[in-house]
file start.tsv (TSV, C-alpha atoms)
chain	number	residue	atom	x	y	z
W	1	MET	CA	0.00	0.00	0.00
W	2	LEU	CA	1.25	3.46	-0.83
W	3	ASP	CA	0.99	6.68	1.15
W	4	HIS	CA	-0.86	9.73	-0.20
W	5	THR	CA	2.22	11.33	-1.78
W	6	GLN	CA	3.17	8.12	-3.52
W	7	GLN	CA	-0.43	7.58	-4.65
W	8	ALA	CA	-0.57	10.99	-6.30
W	9	ALA	CA	2.72	10.39	-8.12
W	10	LEU	CA	1.93	6.84	-9.20
W	11	ILE	CA	0.48	6.80	-12.70
W	12	GLU	CA	2.49	3.87	-14.07
W	13	PRO	CA	3.02	0.44	-12.57
W	14	LEU	CA	6.21	0.03	-10.57
W	15	MET	CA	8.93	-2.02	-12.25
W	16	LEU	CA	10.43	-3.64	-9.18
W	17	GLY	CA	9.72	-7.34	-9.71
W	18	ASP	CA	13.22	-8.03	-11.05
W	19	HIS	CA	11.61	-10.33	-13.63
W	20	LEU	CA	9.34	-9.41	-16.54
W	21	ALA	CA	6.71	-12.00	-15.54
W	22	LEU	CA	6.49	-10.53	-12.03
W	23	ASP	CA	6.35	-6.98	-13.38
W	24	LEU	CA	3.38	-8.22	-15.41
W	25	LEU	CA	1.62	-9.20	-12.18
W	26	ASN	CA	2.50	-5.82	-10.70
W	27	THR	CA	0.43	-3.99	-13.33
W	28	GLU	CA	-2.28	-4.38	-10.70
W	29	ALA	CA	-1.56	-2.94	-7.28
W	30	ARG	CA	-3.19	-1.67	-4.15
W	31	VAL	CA	-3.20	2.10	-3.96
W	32	GLY	CA	-4.72	3.29	-0.72
W	33	ALA	CA	-7.64	1.06	0.13
W	34	GLN	CA	-8.42	0.01	-3.42
W	35	TYR	CA	-6.92	-2.12	-6.15
W	36	VAL	CA	-5.77	-0.32	-9.26
W	37	ASP	CA	-5.46	-1.78	-12.72
W	38	PHE	CA	-2.86	0.33	-14.50
W	39	TRP	CA	-4.13	-0.97	-17.82
W	40	GLN	CA	-7.24	0.97	-18.74
W	41	ALA	CA	-6.57	1.15	-22.49
W	42	GLY	CA	-4.46	-0.54	-25.11
W	43	ALA	CA	-2.15	2.48	-25.06
W	44	ASP	CA	-1.39	1.75	-21.39
W	45	VAL	CA	-0.32	-1.78	-22.32
W	46	ALA	CA	1.77	-0.52	-25.25
W	47	ARG	CA	3.48	2.04	-22.97
W	48	TRP	CA	4.24	-0.70	-20.39
W	49	LEU	CA	5.64	-2.99	-23.10
W	50	ALA	CA	7.85	-0.14	-24.33
W	51	ARG	CA	9.12	0.41	-20.75
W	52	CYS	CA	10.03	-3.30	-20.77
W	53	GLY	CA	11.98	-2.86	-24.02
W	54	ILE	CA	9.41	-4.74	-26.14
W	55	ASP	CA	8.38	-3.30	-29.50
W	56	VAL	CA	4.65	-3.56	-30.11
W	57	GLY	CA	4.87	-2.30	-33.68
W	58	GLN	CA	2.67	0.33	-35.29
W	59	ALA	CA	-0.21	1.80	-33.34
W	60	GLY	CA	-3.44	0.19	-34.39
W	61	ASP	CA	-6.99	1.39	-34.66
W	62	GLN	CA	-9.36	1.40	-31.68
W	63	ALA	CA	-10.40	-2.22	-32.22
W	64	ALA	CA	-6.74	-3.32	-32.25
W	65	ASN	CA	-6.04	-1.31	-29.08
W	66	ASP	CA	-9.07	-2.84	-27.37
W	67	ALA	CA	-7.89	-6.31	-28.41
W	68	LEU	CA	-4.41	-5.61	-27.03
W	69	LEU	CA	-5.91	-4.56	-23.69
W	70	ASP	CA	-8.12	-7.64	-23.53
W	71	GLU	CA	-5.32	-10.04	-24.50
W	72	ALA	CA	-2.84	-8.45	-22.06
W	73	ARG	CA	-5.33	-8.69	-19.18
W	74	GLN	CA	-6.00	-12.33	-20.04
W	75	LEU	CA	-2.26	-13.06	-20.08
W	76	ARG	CA	-1.89	-11.34	-16.71
W	77	ALA	CA	-4.71	-13.49	-15.25
W	78	ILE	CA	-3.02	-16.62	-16.62
W	79	ALA	CA	0.29	-15.48	-15.11
W	80	ARG	CA	-1.31	-14.81	-11.72
W	81	GLU	CA	-2.88	-18.27	-11.70
W	82	LEU	CA	0.23	-20.16	-12.86
W	83	VAL	CA	2.67	-18.30	-10.61
W	84	GLY	CA	0.36	-18.80	-7.62
W	85	LEU	CA	0.03	-22.52	-8.34
W	86	ARG	CA	3.77	-22.94	-8.90
W	87	LYS	CA	4.52	-21.05	-5.69
W	88	ARG	CA	2.28	-23.50	-3.79
W	89	GLY	CA	3.97	-26.47	-5.49
W	90	GLN	CA	0.89	-27.33	-7.54
W	91	ARG	CA	0.50	-28.09	-11.23
W	92	GLY	CA	-1.12	-25.66	-13.61
W	93	ASP	CA	-2.67	-26.13	-17.04
W	94	PRO	CA	-0.29	-24.59	-19.62
W	95	GLU	CA	-2.74	-24.69	-22.54
W	96	ARG	CA	-3.86	-21.03	-22.33
W	97	LEU	CA	-0.25	-19.86	-21.98
W	98	ASN	CA	0.78	-21.97	-24.96
W	99	ARG	CA	-1.61	-19.94	-27.14
W	100	TYR	CA	0.49	-16.85	-26.42
W	101	LEU	CA	3.74	-18.76	-26.87
W	102	ALA	CA	2.62	-19.81	-30.35
W	103	ALA	CA	3.02	-16.16	-31.40
W	104	MET	CA	6.76	-16.52	-30.81
W	105	GLN	CA	7.41	-18.37	-34.04
W	106	SER	CA	10.86	-17.67	-35.38
W	107	ALA	CA	13.32	-19.12	-37.83
W	108	PRO	CA	17.07	-19.64	-37.51
W	109	SER	CA	19.20	-17.34	-39.60
W	110	LEU	CA	22.91	-17.64	-40.35
W	111	ALA	CA	24.96	-14.47	-40.69
W	112	TRP	CA	28.67	-14.05	-41.21
W	113	GLY	CA	30.17	-11.58	-38.76
W	114	ASP	CA	33.71	-10.32	-38.33
W	115	ASP	CA	34.49	-13.24	-36.01
W	116	GLY	CA	32.89	-15.90	-38.20
W	117	PRO	CA	29.40	-17.33	-38.58
W	118	VAL	CA	26.65	-16.42	-36.11
W	119	LEU	CA	23.36	-18.23	-35.70
W	120	ALA	CA	20.47	-15.99	-34.68
W	121	ARG	CA	16.67	-16.22	-34.52
W	122	GLN	CA	14.65	-14.06	-36.88
W	123	ARG	CA	11.17	-13.09	-35.78
W	124	PRO	CA	8.39	-11.53	-37.81
W	125	ALA	CA	7.81	-7.77	-37.70
W	126	PRO	CA	6.81	-6.41	-34.27
W	127	SER	CA	3.13	-6.78	-33.50
W	128	PRO	CA	0.93	-6.87	-30.40
W	129	GLN	CA	0.78	-10.67	-30.60
W	130	GLN	CA	4.56	-10.91	-30.87
W	131	ALA	CA	4.97	-8.48	-27.95
W	132	LEU	CA	2.63	-10.44	-25.68
W	133	GLY	CA	4.33	-13.62	-26.86
W	134	GLN	CA	7.62	-12.26	-25.48
W	135	VAL	CA	5.96	-11.61	-22.12
W	136	ALA	CA	4.47	-15.13	-22.21
W	137	GLU	CA	7.91	-16.56	-22.96
W	138	SER	CA	9.29	-14.75	-19.92
W	139	LEU	CA	6.48	-16.22	-17.81
W	140	ALA	CA	7.18	-19.72	-19.14
W	141	ASP	CA	10.88	-19.26	-18.41
W	142	LEU	CA	10.11	-18.20	-14.83
W	143	LEU	CA	7.84	-21.22	-14.34
W	144	VAL	CA	10.48	-23.61	-15.70
W	145	THR	CA	13.77	-22.19	-14.44
W	146	GLY	CA	12.78	-19.83	-11.62
W	147	GLN	CA	13.75	-20.70	-8.07
W	148	PHE	CA	10.35	-20.28	-6.47
W	149	ASP	CA	11.81	-20.04	-2.98
W	150	TYR	CA	12.93	-16.60	-4.17
W	151	VAL	CA	9.69	-15.60	-5.92
W	152	ARG	CA	7.84	-13.68	-3.24
W	153	GLN	CA	5.04	-11.31	-2.50
W	154	CYS	CA	5.81	-8.25	-0.41
W	155	GLU	CA	5.39	-8.99	3.31
W	156	HIS	CA	3.58	-5.74	4.02
W	157	PRO	CA	-0.01	-6.77	4.81
W	158	ASP	CA	-1.47	-4.11	2.52
W	159	CYS	CA	0.78	-4.81	-0.48
W	160	VAL	CA	0.11	-7.23	-3.34
W	161	LEU	CA	3.30	-6.70	-5.37
W	162	TRP	CA	5.60	-9.58	-6.36
W	163	PHE	CA	9.38	-9.69	-6.73
W	164	TYR	CA	12.23	-12.10	-7.44
W	165	ASP	CA	14.67	-11.99	-4.53
W	166	ARG	CA	18.08	-11.84	-6.18
W	167	THR	CA	19.84	-10.43	-3.12
W	168	LYS	CA	22.96	-12.25	-1.97
W	169	SER	CA	21.41	-13.31	1.35
W	170	HIS	CA	17.94	-13.98	-0.16
W	171	ARG	CA	16.28	-12.17	2.72
W	172	ARG	CA	14.42	-9.50	0.80
W	173	ARG	CA	10.99	-8.97	2.40
W	174	TRP	CA	9.60	-5.89	0.73
W	175	CYS	CA	8.67	-4.90	-2.79
W	176	SER	CA	10.77	-1.82	-2.11
W	177	MET	CA	12.54	-0.51	0.98
W	178	ALA	CA	11.52	2.99	-0.10
W	179	LEU	CA	7.85	2.00	-0.05
W	180	CYS	CA	6.79	-0.86	2.19
W	181	GLY	CA	10.07	-1.39	4.04
W	182	ASN	CA	10.23	2.17	5.34
W	183	ARG	CA	6.54	2.14	6.23
W	184	HIS	CA	7.08	-1.05	8.25
W	185	LYS	CA	10.08	0.48	10.05
W	186	ALA	CA	8.10	3.63	10.84
W	187	ALA	CA	5.17	1.58	12.19
W	188	GLU	CA	7.52	-0.49	14.37
W	189	PHE	CA	9.15	2.72	15.67
W	190	ARG	CA	5.72	4.15	16.55
W	191	LYS	CA	4.82	0.92	18.39
W	192	ARG	CA	8.04	1.07	20.43
W	193	LYS	CA	7.48	4.75	21.27
W	194	ALA	CA	3.88	4.14	22.31
W	195	GLY	CA	4.82	1.12	24.41
W	196	GLY	CA	7.83	2.64	26.11
call {"tool": "encode", "arguments": {"input": "start.tsv", "output": "structure tokens"}}
result
Amino acid sequence: MLDHTQQAALIEPLMLGDHLALDLLNTEARVGAQYVDFWQAGADVARWLARCGIDVGQAGDQAANDALLDEARQLRAIARELVGLRKRGQRGDPERLNRYLAAMQSAPSLAWGDDGPVLARQRPAPSPQQALGQVAESLADLLVTGQFDYVRQCEHPDCVLWFYDRTKSHRRRWCSMALCGNRHKAAEFRKRKAGG
């Protein structure tokens, strides 16, 4: 949960998950007493993808933007379900995710560089489907290779944000020390002052 100053300044989702799939989940957050979906239009999704370094291609018409919003929200719901199941050690059904992964079709391409031959993957021109396919691939990678002991939700009781704990000691508790960590410390300080 964010304080009033942070709420007023927050117009974009925070990118603090340390993994694209977790940043996807964090496009919904609790701001004050209510949940906020930072994706209200296709342009919001396109802006988030751009922040993630993913090219969505040419801006489409209203129907294309509405479709992007709908597809991105569906992918986020799939991610929330699969990450939650994986975190609890349960199996999920990958079929809906595989539909997004199918957009990641590519072909090998051989090029000759200064240091010799290089094998690369060529993808079709950027498109919303390709962009969401890249996010889906990140989610699949997290589900397969992620160490789920280090995939965590913020410990602040009012926060719903996720992160990948890549700290050396693996003791990260908060989505951000500047947000929830400092609020927890301040609350503990107030408790000690009131009790002593």
call {"tool": "residues_around", "arguments": {"input": "start.tsv", "residues": "segment 164-179 of chain W", "least_positions_apart": "3", "cutoff": "8 Å", "atoms": "all atoms listed in the file", "output": "ChimeraX atom specification"}}
result
/W:2,16-19,22,150-156,161,182-183
call {"tool": "closest_atom_pairs", "arguments": {"input": "start.tsv", "of": "segment 92-179 of chain W", "to": "segment 29-39 of chain W", "cutoff": "8 Å", "atoms": "all atoms listed in the file", "output": "tab-separated table"}}
result
residue	atom	partner	partner_atom	distance
W:Asp158	CA	W:Arg30	CA	7.3
W:Cys159	CA	W:Arg30	CA	6.3
W:Val160	CA	W:Ala29	CA	6.1
W:Leu161	CA	W:Ala29	CA	6.4
call {"tool": "write_last_selection", "arguments": {"input": "start.tsv", "atoms": "C-alpha atoms", "output": "tab-separated table (two decimals), in the frame of the given file"}}
result
chain	number	residue	atom	x	y	z
W	158	ASP	CA	-1.47	-4.11	2.52
W	159	CYS	CA	0.78	-4.81	-0.48
W	160	VAL	CA	0.11	-7.23	-3.34
W	161	LEU	CA	3.30	-6.70	-5.37
call {"tool": "atom_distance", "arguments": {"input": "start.tsv", "atom1": "atom CA of Gln134 of chain W", "atom2": "atom CA of Leu101 of chain W"}}
result
7.7 Å
call {"tool": "atom_distance", "arguments": {"input": "start.tsv", "atom1": "atom CA of Thr27 of chain W", "atom2": "atom CA of Phe148 of chain W"}}
result
20.3 Å
call {"tool": "residues_around", "arguments": {"input": "start.tsv", "residues": "Asp70 of chain W", "least_positions_apart": "3", "cutoff": "12 Å", "atoms": "only C-alpha atoms", "output": "ChimeraX atom specification"}}
result
/W:39-45,63-67,73-77,128-129,132
call {"tool": "write_last_selection", "arguments": {"input": "start.tsv", "atoms": "C-alpha atoms", "output": "PDB file, in the frame of the given file"}}
result
ATOM      1  CA  TRP W  39      -4.130  -0.970 -17.820  1.00  0.00           C
ATOM      2  CA  GLN W  40      -7.240   0.970 -18.740  1.00  0.00           C
ATOM      3  CA  ALA W  41      -6.570   1.150 -22.490  1.00  0.00           C
ATOM      4  CA  GLY W  42      -4.460  -0.540 -25.110  1.00  0.00           C
ATOM      5  CA  ALA W  43      -2.150   2.480 -25.060  1.00  0.00           C
ATOM      6  CA  ASP W  44      -1.390   1.750 -21.390  1.00  0.00           C
ATOM      7  CA  VAL W  45      -0.320  -1.780 -22.320  1.00  0.00           C
ATOM      8  CA  ALA W  63     -10.400  -2.220 -32.220  1.00  0.00           C
ATOM      9  CA  ALA W  64      -6.740  -3.320 -32.250  1.00  0.00           C
ATOM     10  CA  ASN W  65      -6.040  -1.310 -29.080  1.00  0.00           C
ATOM     11  CA  ASP W  66      -9.070  -2.840 -27.370  1.00  0.00           C
ATOM     12  CA  ALA W  67      -7.890  -6.310 -28.410  1.00  0.00           C
ATOM     13  CA  ARG W  73      -5.330  -8.690 -19.180  1.00  0.00           C
ATOM     14  CA  GLN W  74      -6.000 -12.330 -20.040  1.00  0.00           C
ATOM     15  CA  LEU W  75      -2.260 -13.060 -20.080  1.00  0.00           C
ATOM     16  CA  ARG W  76      -1.890 -11.340 -16.710  1.00  0.00           C
ATOM     17  CA  ALA W  77      -4.710 -13.490 -15.250  1.00  0.00           C
ATOM     18  CA  PRO W 128       0.930  -6.870 -30.400  1.00  0.00           C
ATOM     19  CA  GLN W 129       0.780 -10.670 -30.600  1.00  0.00           C
ATOM     20  CA  LEU W 132       2.630 -10.440 -25.680  1.00  0.00           C
TER      21      LEU W 132
END
call {"tool": "closest_atom_pairs", "arguments": {"input": "start.tsv", "of": "segment 3-122 of chain W", "to": "segment 142-146 of chain W", "cutoff": "8 Å", "atoms": "all atoms listed in the file", "output": "tab-separated table"}}
result
residue	atom	partner	partner_atom	distance
W:Ala21	CA	W:Leu142	CA	7.1
W:Leu82	CA	W:Leu143	CA	7.8
W:Val83	CA	W:Leu143	CA	7.0
W:Arg86	CA	W:Leu143	CA	7.0
call {"tool": "atom_distance", "arguments": {"input": "start.tsv", "atom1": "atom CA of Ala103 of chain W", "atom2": "atom CA of Trp48 of chain W"}}
result
19.0 Å
call {"tool": "build_atoms", "arguments": {"input": "start.tsv", "residues": "segment 108-130 of chain W", "atoms": "N, CA and C atoms", "output": "mmCIF file, keeping the file's coordinate frame"}}
result
data_model
loop_
_atom_site.group_PDB
_atom_site.id
_atom_site.type_symbol
_atom_site.label_atom_id
_atom_site.label_comp_id
_atom_site.auth_asym_id
_atom_site.auth_seq_id
_atom_site.Cartn_x
_atom_site.Cartn_y
_atom_site.Cartn_z
ATOM 1 N N PRO W 108 15.633 -19.874 -37.639
ATOM 2 C CA PRO W 108 17.070 -19.640 -37.510
ATOM 3 C C PRO W 108 17.594 -18.909 -38.738
ATOM 4 N N SER W 109 18.599 -18.098 -38.511
ATOM 5 C CA SER W 109 19.200 -17.340 -39.600
ATOM 6 C C SER W 109 20.716 -17.311 -39.382
ATOM 7 N N LEU W 110 21.458 -17.638 -40.422
ATOM 8 C CA LEU W 110 22.910 -17.640 -40.350
ATOM 9 C C LEU W 110 23.429 -16.337 -40.941
ATOM 10 N N ALA W 111 24.298 -15.690 -40.201
ATOM 11 C CA ALA W 111 24.960 -14.470 -40.690
ATOM 12 C C ALA W 111 26.455 -14.650 -40.490
ATOM 13 N N TRP W 112 27.223 -13.973 -41.333
ATOM 14 C CA TRP W 112 28.670 -14.050 -41.210
ATOM 15 C C TRP W 112 29.161 -12.739 -40.647
ATOM 16 N N GLY W 113 29.636 -12.778 -39.402
ATOM 17 C CA GLY W 113 30.170 -11.580 -38.760
ATOM 18 C C GLY W 113 31.668 -11.507 -38.891
ATOM 19 N N ASP W 114 32.262 -10.505 -38.282
ATOM 20 C CA ASP W 114 33.710 -10.320 -38.330
ATOM 21 C C ASP W 114 34.466 -11.490 -37.698
ATOM 22 N N ASP W 115 33.850 -12.129 -36.708
ATOM 23 C CA ASP W 115 34.490 -13.240 -36.010
ATOM 24 C C ASP W 115 34.047 -14.602 -36.521
ATOM 25 N N GLY W 116 33.346 -14.634 -37.643
ATOM 26 C CA GLY W 116 32.890 -15.900 -38.200
ATOM 27 C C GLY W 116 31.377 -15.990 -38.223
ATOM 28 N N PRO W 117 30.844 -17.171 -38.462
ATOM 29 C CA PRO W 117 29.400 -17.330 -38.580
ATOM 30 C C PRO W 117 28.692 -17.177 -37.231
ATOM 31 N N VAL W 118 27.489 -16.639 -37.295
ATOM 32 C CA VAL W 118 26.650 -16.420 -36.110
ATOM 33 C C VAL W 118 25.259 -16.929 -36.436
ATOM 34 N N LEU W 119 24.715 -17.737 -35.537
ATOM 35 C CA LEU W 119 23.360 -18.230 -35.700
ATOM 36 C C LEU W 119 22.438 -17.401 -34.811
ATOM 37 N N ALA W 120 21.415 -16.831 -35.406
ATOM 38 C CA ALA W 120 20.470 -15.990 -34.680
ATOM 39 C C ALA W 120 19.051 -16.442 -34.992
ATOM 40 N N ARG W 121 18.086 -15.927 -34.266
ATOM 41 C CA ARG W 121 16.670 -16.220 -34.520
ATOM 42 C C ARG W 121 16.046 -14.979 -35.124
ATOM 43 N N GLN W 122 15.359 -15.152 -36.220
ATOM 44 C CA GLN W 122 14.650 -14.060 -36.880
ATOM 45 C C GLN W 122 13.163 -14.189 -36.546
ATOM 46 N N ARG W 123 12.589 -13.108 -36.088
ATOM 47 C CA ARG W 123 11.170 -13.090 -35.780
ATOM 48 C C ARG W 123 10.451 -12.206 -36.774
ATOM 49 N N PRO W 124 9.155 -12.409 -36.924
ATOM 50 C CA PRO W 124 8.390 -11.530 -37.810
ATOM 51 C C PRO W 124 8.400 -10.088 -37.289
ATOM 52 N N ALA W 125 7.874 -9.192 -38.075
ATOM 53 C CA ALA W 125 7.810 -7.770 -37.700
ATOM 54 C C ALA W 125 7.081 -7.619 -36.367
ATOM 55 N N PRO W 126 7.468 -6.617 -35.566
ATOM 56 C CA PRO W 126 6.810 -6.410 -34.270
ATOM 57 C C PRO W 126 5.300 -6.260 -34.431
ATOM 58 N N SER W 127 4.584 -6.872 -33.514
ATOM 59 C CA SER W 127 3.130 -6.780 -33.500
ATOM 60 C C SER W 127 2.669 -6.975 -32.053
ATOM 61 N N PRO W 128 1.427 -6.630 -31.756
ATOM 62 C CA PRO W 128 0.930 -6.870 -30.400
ATOM 63 C C PRO W 128 1.015 -8.343 -29.998
ATOM 64 N N GLN W 129 0.704 -9.245 -30.915
ATOM 65 C CA GLN W 129 0.780 -10.670 -30.600
ATOM 66 C C GLN W 129 2.210 -11.087 -30.290
ATOM 67 N N GLN W 130 3.147 -10.603 -31.088
ATOM 68 C CA GLN W 130 4.560 -10.910 -30.870
ATOM 69 C C GLN W 130 5.017 -10.337 -29.528
#
